[in-house]
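Text of coords_28.txt, listed as compact mmCIF, C-alpha atoms and all ligand atoms:
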# COMPACT_ATOMS: atom_id res chain seq x y z
CA MET A 6 8.18 16.38 11.67
CA LYS A 7 5.64 13.56 11.79
CA ALA A 8 5.10 10.79 9.22
CA LEU A 9 1.86 8.87 8.79
CA VAL A 10 2.35 5.52 7.11
CA ALA A 11 -0.56 3.45 5.78
CA VAL A 12 -0.10 -0.31 6.06
CA LYS A 13 -2.57 -2.79 4.62
CA ARG A 14 -2.93 -6.44 5.57
CA VAL A 15 -3.06 -8.46 2.37
CA VAL A 16 -2.62 -12.04 1.17
CA ASP A 17 1.09 -12.88 1.22
CA TYR A 18 2.65 -12.35 -2.20
CA ASN A 19 3.71 -16.01 -2.40
CA VAL A 20 0.14 -17.29 -2.15
CA LYS A 21 -1.70 -18.24 -5.34
CA VAL A 22 -5.21 -16.99 -4.78
CA ARG A 23 -8.09 -19.16 -6.01
CA VAL A 24 -11.61 -18.17 -6.98
CA LYS A 25 -14.43 -19.71 -4.92
CA ALA A 26 -16.31 -22.48 -6.73
CA ASP A 27 -19.50 -20.37 -7.01
CA GLY A 28 -17.55 -17.38 -8.43
CA SER A 29 -18.84 -15.13 -5.65
CA ASP A 30 -15.38 -14.07 -4.43
CA VAL A 31 -11.77 -15.13 -4.09
CA ASP A 32 -11.03 -17.63 -1.35
CA ILE A 33 -8.69 -16.15 1.26
CA GLY A 34 -9.80 -18.31 4.19
CA ASN A 35 -6.76 -19.93 5.86
CA VAL A 36 -4.16 -18.35 3.57
CA LYS A 37 -1.02 -16.62 4.82
CA MET A 38 -1.44 -12.87 5.24
CA ALA A 39 1.28 -10.21 5.44
CA MET A 40 1.92 -6.48 5.20
CA ASN A 41 1.47 -5.20 1.64
CA PRO A 42 5.06 -5.20 0.22
CA PHE A 43 4.87 -1.57 -0.95
CA ASP A 44 3.77 -0.57 2.56
CA GLU A 45 6.80 -2.34 4.03
CA ILE A 46 8.87 -0.09 1.77
CA ALA A 47 6.92 2.92 3.08
CA VAL A 48 7.59 1.97 6.71
CA GLU A 49 11.27 1.34 5.93
CA GLU A 50 11.55 4.76 4.31
CA ALA A 51 9.95 6.47 7.30
CA VAL A 52 12.33 4.65 9.65
CA ARG A 53 15.33 5.69 7.53
CA LEU A 54 14.12 9.31 7.56
CA LYS A 55 13.82 9.11 11.33
CA GLU A 56 17.27 7.57 11.66
CA ALA A 57 18.61 10.44 9.53
CA GLY A 58 17.02 12.92 11.95
CA LYS A 59 14.58 14.28 9.34
CA ILE A 60 11.42 13.24 11.19
CA ASN A 61 10.80 12.52 14.82
CA GLU A 62 7.61 10.47 14.92
CA ILE A 63 6.20 7.66 12.81
CA VAL A 64 2.53 6.73 13.12
CA ALA A 65 1.43 3.55 11.33
CA VAL A 66 -2.25 3.26 10.34
CA SER A 67 -4.19 0.23 9.24
CA LEU A 68 -7.86 -0.09 8.38
CA GLY A 69 -9.74 -3.35 8.54
CA GLY A 70 -10.52 -6.34 10.75
CA LYS A 71 -9.02 -7.30 14.10
CA LYS A 72 -6.01 -9.05 12.52
CA CYS A 73 -4.71 -5.71 11.19
CA GLU A 74 -3.17 -5.47 14.65
CA ASP A 75 -0.57 -8.02 13.53
CA THR A 76 0.35 -5.82 10.57
CA LEU A 77 0.60 -2.80 12.84
CA ARG A 78 2.81 -4.72 15.29
CA THR A 79 5.13 -5.52 12.37
CA ALA A 80 5.30 -1.81 11.51
CA LEU A 81 6.04 -1.03 15.17
CA ALA A 82 8.77 -3.70 15.21
CA MET A 83 10.31 -2.13 12.10
CA GLY A 84 10.51 1.19 13.92
CA ALA A 85 7.15 3.00 13.92
CA ASP A 86 6.52 4.78 17.23
CA ARG A 87 2.80 4.18 17.57
CA ALA A 88 -0.11 2.72 15.69
CA VAL A 89 -3.70 3.58 14.86
CA HIS A 90 -6.14 0.82 13.98
CA VAL A 91 -9.43 1.84 12.40
CA GLU A 92 -11.34 -1.35 13.04
CA THR A 93 -14.06 -2.39 10.62
CA GLU A 94 -15.24 -5.59 8.97
CA ALA A 95 -16.61 -3.61 5.99
CA VAL A 96 -15.07 -4.16 2.55
CA LEU A 97 -13.13 -0.96 1.98
CA GLU A 98 -12.82 0.51 -1.50
CA PRO A 99 -9.95 2.96 -2.18
CA LEU A 100 -12.22 6.01 -1.76
CA ALA A 101 -13.37 4.81 1.67
CA VAL A 102 -9.74 4.11 2.62
CA ALA A 103 -8.71 7.59 1.44
CA LYS A 104 -11.54 9.20 3.45
CA LEU A 105 -10.57 7.28 6.58
CA LEU A 106 -6.89 8.14 6.13
CA LYS A 107 -7.85 11.79 5.67
CA ALA A 108 -9.83 11.69 8.92
CA VAL A 109 -6.81 10.20 10.72
CA ALA A 110 -4.51 12.78 9.07
CA ASP A 111 -6.82 15.59 10.24
CA ARG A 112 -6.29 14.37 13.82
CA GLU A 113 -2.58 13.66 13.50
CA GLN A 114 -1.48 16.57 11.26
CA PRO A 115 1.51 14.73 9.69
CA GLN A 116 3.90 16.56 7.35
CA ILE A 117 4.49 13.50 5.23
CA LEU A 118 2.01 10.76 4.36
CA LEU A 119 3.54 7.57 3.00
CA LEU A 120 1.52 4.89 1.23
CA GLY A 121 2.30 2.00 -1.07
CA LYS A 122 1.82 2.64 -4.79
CA GLN A 123 -0.68 -0.21 -4.81
CA ALA A 124 -2.12 -2.93 -2.65
CA ILE A 125 -1.28 -6.32 -4.15
CA ASP A 126 -4.77 -7.67 -3.47
CA ASP A 127 -7.00 -5.14 -5.26
CA ASP A 128 -4.13 -3.68 -7.36
CA ALA A 129 -6.14 -0.46 -7.44
CA ASN A 130 -3.32 2.11 -7.33
CA GLN A 131 -5.84 4.79 -6.35
CA THR A 132 -5.66 5.50 -2.63
CA ALA A 133 -2.65 7.83 -2.50
CA GLN A 134 -4.02 9.91 -5.37
CA MET A 135 -7.49 10.14 -3.79
CA LEU A 136 -6.02 10.99 -0.40
CA ALA A 137 -3.94 13.81 -1.89
CA ALA A 138 -7.07 15.17 -3.60
CA LEU A 139 -9.13 15.00 -0.39
CA LEU A 140 -6.36 16.72 1.59
CA ASN A 141 -5.75 19.19 -1.22
CA ALA A 142 -2.07 18.29 -0.80
CA PRO A 143 0.64 17.71 -3.43
CA GLN A 144 1.33 14.13 -4.44
CA GLY A 145 4.45 12.26 -5.51
CA THR A 146 3.47 8.79 -6.66
CA PHE A 147 5.80 5.85 -7.50
CA ALA A 148 8.67 7.34 -5.50
CA GLY A 149 12.11 5.82 -6.14
CA LYS A 150 13.91 8.41 -4.01
CA ILE A 151 12.76 10.84 -1.31
CA GLU A 152 14.75 13.74 0.07
CA LEU A 153 13.16 15.60 2.92
CA LEU A 154 14.00 19.29 3.32
CA GLU A 155 12.58 21.75 5.82
CA ASN A 156 9.39 22.66 3.98
CA GLU A 157 9.43 20.37 0.98
CA ALA A 158 10.00 16.82 -0.17
CA VAL A 159 12.02 16.23 -3.31
CA VAL A 160 10.65 13.07 -4.87
CA THR A 161 12.15 11.24 -7.81
CA ARG A 162 9.35 9.21 -9.33
CA GLU A 163 9.38 6.35 -11.75
CA ILE A 164 7.62 7.21 -14.99
CA ASP A 165 7.39 5.53 -18.39
CA GLY A 166 10.83 5.62 -19.95
CA GLY A 167 12.72 7.19 -17.05
CA SER A 168 12.30 9.28 -13.95
CA GLU A 169 10.93 12.67 -12.99
CA THR A 170 11.91 14.80 -9.99
CA LEU A 171 9.30 16.91 -8.22
CA ALA A 172 9.57 19.34 -5.32
CA LEU A 173 6.45 19.00 -3.16
CA LYS A 174 5.38 21.51 -0.52
CA LEU A 175 4.70 19.80 2.79
CA PRO A 176 2.40 18.29 3.90
CA ALA A 177 2.53 15.92 0.94
CA VAL A 178 1.33 12.45 0.01
CA ILE A 179 3.97 10.08 -1.35
CA SER A 180 3.49 6.56 -2.66
CA THR A 181 6.38 4.13 -2.75
CA ASP A 182 7.76 2.13 -5.65
CA LEU A 183 9.94 -0.98 -5.51
CA ARG A 184 13.26 0.73 -6.02
CA LEU A 185 12.94 3.11 -3.06
CA ASN A 186 14.63 0.76 -0.58
CA GLU A 187 14.91 -2.77 0.68
CA PRO A 188 12.95 -3.24 3.92
CA ARG A 189 14.83 -4.57 6.94
CA TYR A 190 14.15 -7.88 8.65
CA VAL A 191 12.80 -7.44 12.13
CA LYS A 192 14.59 -9.24 14.95
CA LEU A 193 13.08 -10.85 18.03
CA PRO A 194 13.97 -8.03 20.49
CA GLN A 195 12.23 -5.52 18.22
CA ILE A 196 9.15 -7.75 18.00
CA MET A 197 9.09 -7.91 21.81
CA GLN A 198 9.54 -4.14 22.13
CA ALA A 199 6.75 -3.56 19.61
CA LYS A 200 4.28 -5.26 21.94
CA LYS A 201 4.72 -2.40 24.41
CA LYS A 202 4.25 0.42 21.90
CA PRO A 203 0.88 2.25 21.88
CA LEU A 204 -1.86 1.03 19.53
CA GLU A 205 -4.94 3.24 19.40
CA LYS A 206 -8.31 1.87 18.29
CA LEU A 207 -10.80 3.89 16.25
CA THR A 208 -13.86 3.12 14.14
CA PRO A 209 -15.22 4.66 10.91
CA GLU A 210 -18.22 5.84 12.96
CA ALA A 211 -15.97 7.66 15.44
CA LEU A 212 -14.25 9.31 12.47
CA ASN A 213 -17.63 10.12 10.93
CA VAL A 214 -16.76 8.40 7.64
CA ASN A 215 -19.29 6.52 5.53
CA THR A 216 -17.53 3.46 4.11
CA ALA A 217 -20.47 2.13 2.07
CA ALA A 218 -19.32 0.31 -1.06
CA ARG A 219 -20.01 1.95 -4.42
CA VAL A 220 -18.86 -0.88 -6.65
CA GLN A 221 -20.62 -4.20 -6.91
CA ALA A 222 -18.59 -7.24 -7.95
CA VAL A 223 -20.77 -9.28 -10.29
CA ARG A 224 -18.61 -12.40 -10.65
CA TYR A 225 -15.06 -13.58 -10.13
CA ALA A 226 -13.33 -15.95 -12.56
CA GLU A 227 -9.87 -17.47 -12.97
CA PRO A 228 -7.87 -15.91 -15.81
CA GLN A 229 -8.05 -17.93 -19.04
CA THR A 230 -5.27 -20.47 -19.28
CA ARG A 231 -2.76 -19.60 -21.99
CA ARG A 232 -2.98 -21.71 -25.10
CA ALA A 233 0.19 -23.40 -26.34
CA GLY A 234 2.09 -21.43 -28.99
CA VAL A 235 3.42 -22.64 -32.35
CA LYS A 236 6.94 -22.25 -33.68
CA ALA A 237 7.61 -20.53 -36.99
CA ALA A 238 10.40 -21.96 -39.11
CA ASP A 239 11.40 -18.60 -40.61
CA ALA A 240 10.07 -15.09 -41.34
CA ALA A 241 8.01 -16.23 -44.33
CA ASP A 242 6.42 -19.00 -42.27
CA LEU A 243 5.72 -16.49 -39.48
CA ALA A 244 4.05 -14.09 -41.93
CA ALA A 245 1.94 -16.94 -43.35
CA LYS A 246 0.87 -18.02 -39.86
CA LEU A 247 -0.03 -14.46 -38.86
CA LYS A 248 -2.06 -14.06 -42.07
CA ALA A 249 -3.86 -17.35 -41.42
CA ALA A 250 -4.69 -16.13 -37.92
CA LYS A 251 -5.92 -12.82 -39.49
CA VAL A 252 -3.44 -10.83 -37.33
CA ILE A 253 -1.99 -9.15 -40.44
P1 LIG B 301 -4.64 0.73 -3.48
O1 LIG B 301 -5.02 2.09 -3.96
O2 LIG B 301 -5.81 -0.08 -2.96
O3 LIG B 301 -3.83 -0.06 -4.50
O4 LIG B 301 -3.71 0.92 -2.19
C1 LIG B 301 -2.60 1.80 -2.21
C2 LIG B 301 -2.08 2.00 -0.80
O5 LIG B 301 -3.10 2.54 0.05
C3 LIG B 301 -1.59 0.76 -0.06
O6 LIG B 301 -0.29 0.38 -0.47
C4 LIG B 301 -1.65 1.23 1.40
O7 LIG B 301 -0.53 2.06 1.70
C5 LIG B 301 -2.91 2.11 1.40
N1 LIG B 301 -4.08 1.30 1.83
C6 LIG B 301 -5.02 0.74 1.04
N2 LIG B 301 -5.91 0.06 1.77
C7 LIG B 301 -5.51 0.18 3.08
C8 LIG B 301 -5.99 -0.30 4.35
N3 LIG B 301 -7.09 -1.05 4.44
N4 LIG B 301 -5.30 0.04 5.46
C9 LIG B 301 -4.19 0.80 5.39
N5 LIG B 301 -3.69 1.28 4.24
C10 LIG B 301 -4.33 0.98 3.10

Starting from the file, give its structure as structure tokens.
Amino acid sequence: MKALVAVKRVVDYNVKVRVKADGSDVDIGNVKMAMNPFDEIAVEEAVRLKEAGKINEIVAVSLGGKKCEDTLRTALAMGADRAVHVETEAVLEPLAVAKLLKAVADREQPQILLLGKQAIDDDANQTAQMLAALLNAPQGTFAGKIELLENEAVVTREIDGGSETLALKLPAVISTDLRLNEPRYVKLPQIMQAKKKPLEKLTPEALNVNTAARVQAVRYAEPQTRRAGVKAADAADLAAKLKAAKVI
């Protein structure tokens, strides 16, 4: 069984992103980049499934500029067997990403497609769902537990107020949530080994996918700073303050 894992290069989660002075975009020049945390969880899960003998090949895929190679090398160091880099400088919206991933999946024919539930830069939470629709495959989003059987994946997903367990016919698209696992740290020997693993290069043109943007960002702005609160002495005071503020 083969797993395809999508890994996105994003701004490191510790970085506080600033808006450019002219409001045209966010400024990510010279900031630390890393693998999207939910994608690390996806790679970790694939590696655990391989270690458990449930799958025998892990292919990591990343779409974007040249530096995505670093993200793919991290996935290879974690335990992916080979990598596919769809190189493009275009800004990729979730639909374009889903179309590119579908094109790669058509070539690779994986039984399980693992993605993060969301990328922490655009926070879209759309790609896995769109990919499942394009592939006409079942989807299990926000997975907190995955059990892989011969022809199906049993996915326990996090939903409002609890969890839900679904049996998905393979091939299926699964997106990872925080509780699924804790990704391993990679050690130096694995980083060295990863340099020798195969990394294939493709382009959107070679995959015959149009990545043209459909959404136009008009302006970026910092979120409003929170105003200081006031303390209420007791319930009556609170009610009076809420009335004065026309909340009740
Ligand atoms: P999003 O729908 O943008 O929040 O992204 C959800 C997931 O789609 C991510 O966690 C990744 O697994 C995958 N993904 C999104 N963009 C890319 C990309 N450029 N390269 C590889 N995977 C991606």

Can you tell me, as JSON, the centre and edge lengths (Å, one decimal) of the axis-aligned box enclosing all of ligand LIG 301 (chain B)'s listed atoms after padding each side by 4 Å?
{"center_x": -3.7, "center_y": 0.7, "center_z": 0.5, "size_x": 14.8, "size_y": 11.6, "size_z": 18.0}

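Of the listed residues A:Asp127, A:Glu49, A:Asp242, A:Glu152, the one whose atoms come nearest to ligand LIG 301 (chain B) is A:Asp127, with distances taken using only C-alpha atoms and all ligand atoms.
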
For A:Val22, which residue out of A:Glu113, A:Glu227, A:Glu94, A:Glu205 is the nearest one, using all atoms listed in the file?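 For A:Val22, the nearest of the given residues is A:Glu227.
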
Write out as a list in words the residues lying within 9 Å of stretch 158-167 of chain A, counting all atoms listed in the file and excluding same-chain residues fewer than 2 positions away.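 Near neighbours after the sequence-gap exclusion: Ile117, Gly145, Thr146, Phe147, Ala148, Gly149, Lys150, Ile151, Glu152, Leu153, Leu154, Glu155, Asn156, Glu169, Thr170, Leu171, Ala172, Leu173, Lys174, Leu175, Pro176, Ala177, Ile179, Thr181, Asp182 and Arg184 of chain A.
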
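For the residues A:Asp128, A:Asp32, A:Glu45, A:Asp27, ranking by smallest atom-to-atom distance to ligand LIG 301 (chain B) using all atoms listed in the file places A:Asp128 first.
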
Can you tell me which residues sit at most 9 Å away from ligand LIG 301 (chain B), counting all atoms listed in the file, written as a ChimeraX atom specification? /A:10-15,41-45,47,65-70,73,90-91,96-103,106,119-136,180-181

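The shortest atom-to-atom distance to A:Pro194, with all atoms listed in the file taken into account, belongs to A:Met83 out of A:Met83, A:Val220, A:Leu105, A:Ala249.
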
What separation in Å, quoted to one decimal, exists between atom CA of A:Ala137 and atom CA of A:Leu118? 9.2 Å

Would you compute the distance between atom CA of A:Ala226 and atom CA of A:Gly34? Give it in Å to one decimal.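 Between atom CA of A:Ala226 and atom CA of A:Gly34 the gap is 17.3 Å.
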
Measure the distance from atom CA of A:Pro209 to atom CA of A:Met6 in Å and round it to one decimal.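 Between atom CA of A:Pro209 and atom CA of A:Met6 the gap works out to 26.2 Å.
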
Shortest interatomic distance to A:Asp86 - which of A:Lys202, A:Gln114, A:Asn35, A:Asn186, counting all atoms listed in the file: A:Lys202

Around (-20.1, 8.2, 6.5) in the file's own coordinates, what residues are found within 12 Å if you use all atoms listed in the file, given back as a PDB file with C-alpha atoms, keeping the file's coordinate frame?
ATOM      1  CA  LEU A 100     -12.220   6.010  -1.760  1.00  0.00           C
ATOM      2  CA  ALA A 101     -13.370   4.810   1.670  1.00  0.00           C
ATOM      3  CA  VAL A 102      -9.740   4.110   2.620  1.00  0.00           C
ATOM      4  CA  LYS A 104     -11.540   9.200   3.450  1.00  0.00           C
ATOM      5  CA  LEU A 105     -10.570   7.280   6.580  1.00  0.00           C
ATOM      6  CA  ALA A 108      -9.830  11.690   8.920  1.00  0.00           C
ATOM      7  CA  THR A 208     -13.860   3.120  14.140  1.00  0.00           C
ATOM      8  CA  PRO A 209     -15.220   4.660  10.910  1.00  0.00           C
ATOM      9  CA  GLU A 210     -18.220   5.840  12.960  1.00  0.00           C
ATOM     10  CA  ALA A 211     -15.970   7.660  15.440  1.00  0.00           C
ATOM     11  CA  LEU A 212     -14.250   9.310  12.470  1.00  0.00           C
ATOM     12  CA  ASN A 213     -17.630  10.120  10.930  1.00  0.00           C
ATOM     13  CA  VAL A 214     -16.760   8.400   7.640  1.00  0.00           C
ATOM     14  CA  ASN A 215     -19.290   6.520   5.530  1.00  0.00           C
ATOM     15  CA  THR A 216     -17.530   3.460   4.110  1.00  0.00           C
ATOM     16  CA  ALA A 217     -20.470   2.130   2.070  1.00  0.00           C
ATOM     17  CA  ALA A 218     -19.320   0.310  -1.060  1.00  0.00           C
TER      18      ALA A 218
END

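If you measure from each of A:Val20, A:Ala8, A:Ala199, A:Val109 to A:Arg53 using all atoms listed in the file, the closest one turns out to be A:Ala8.
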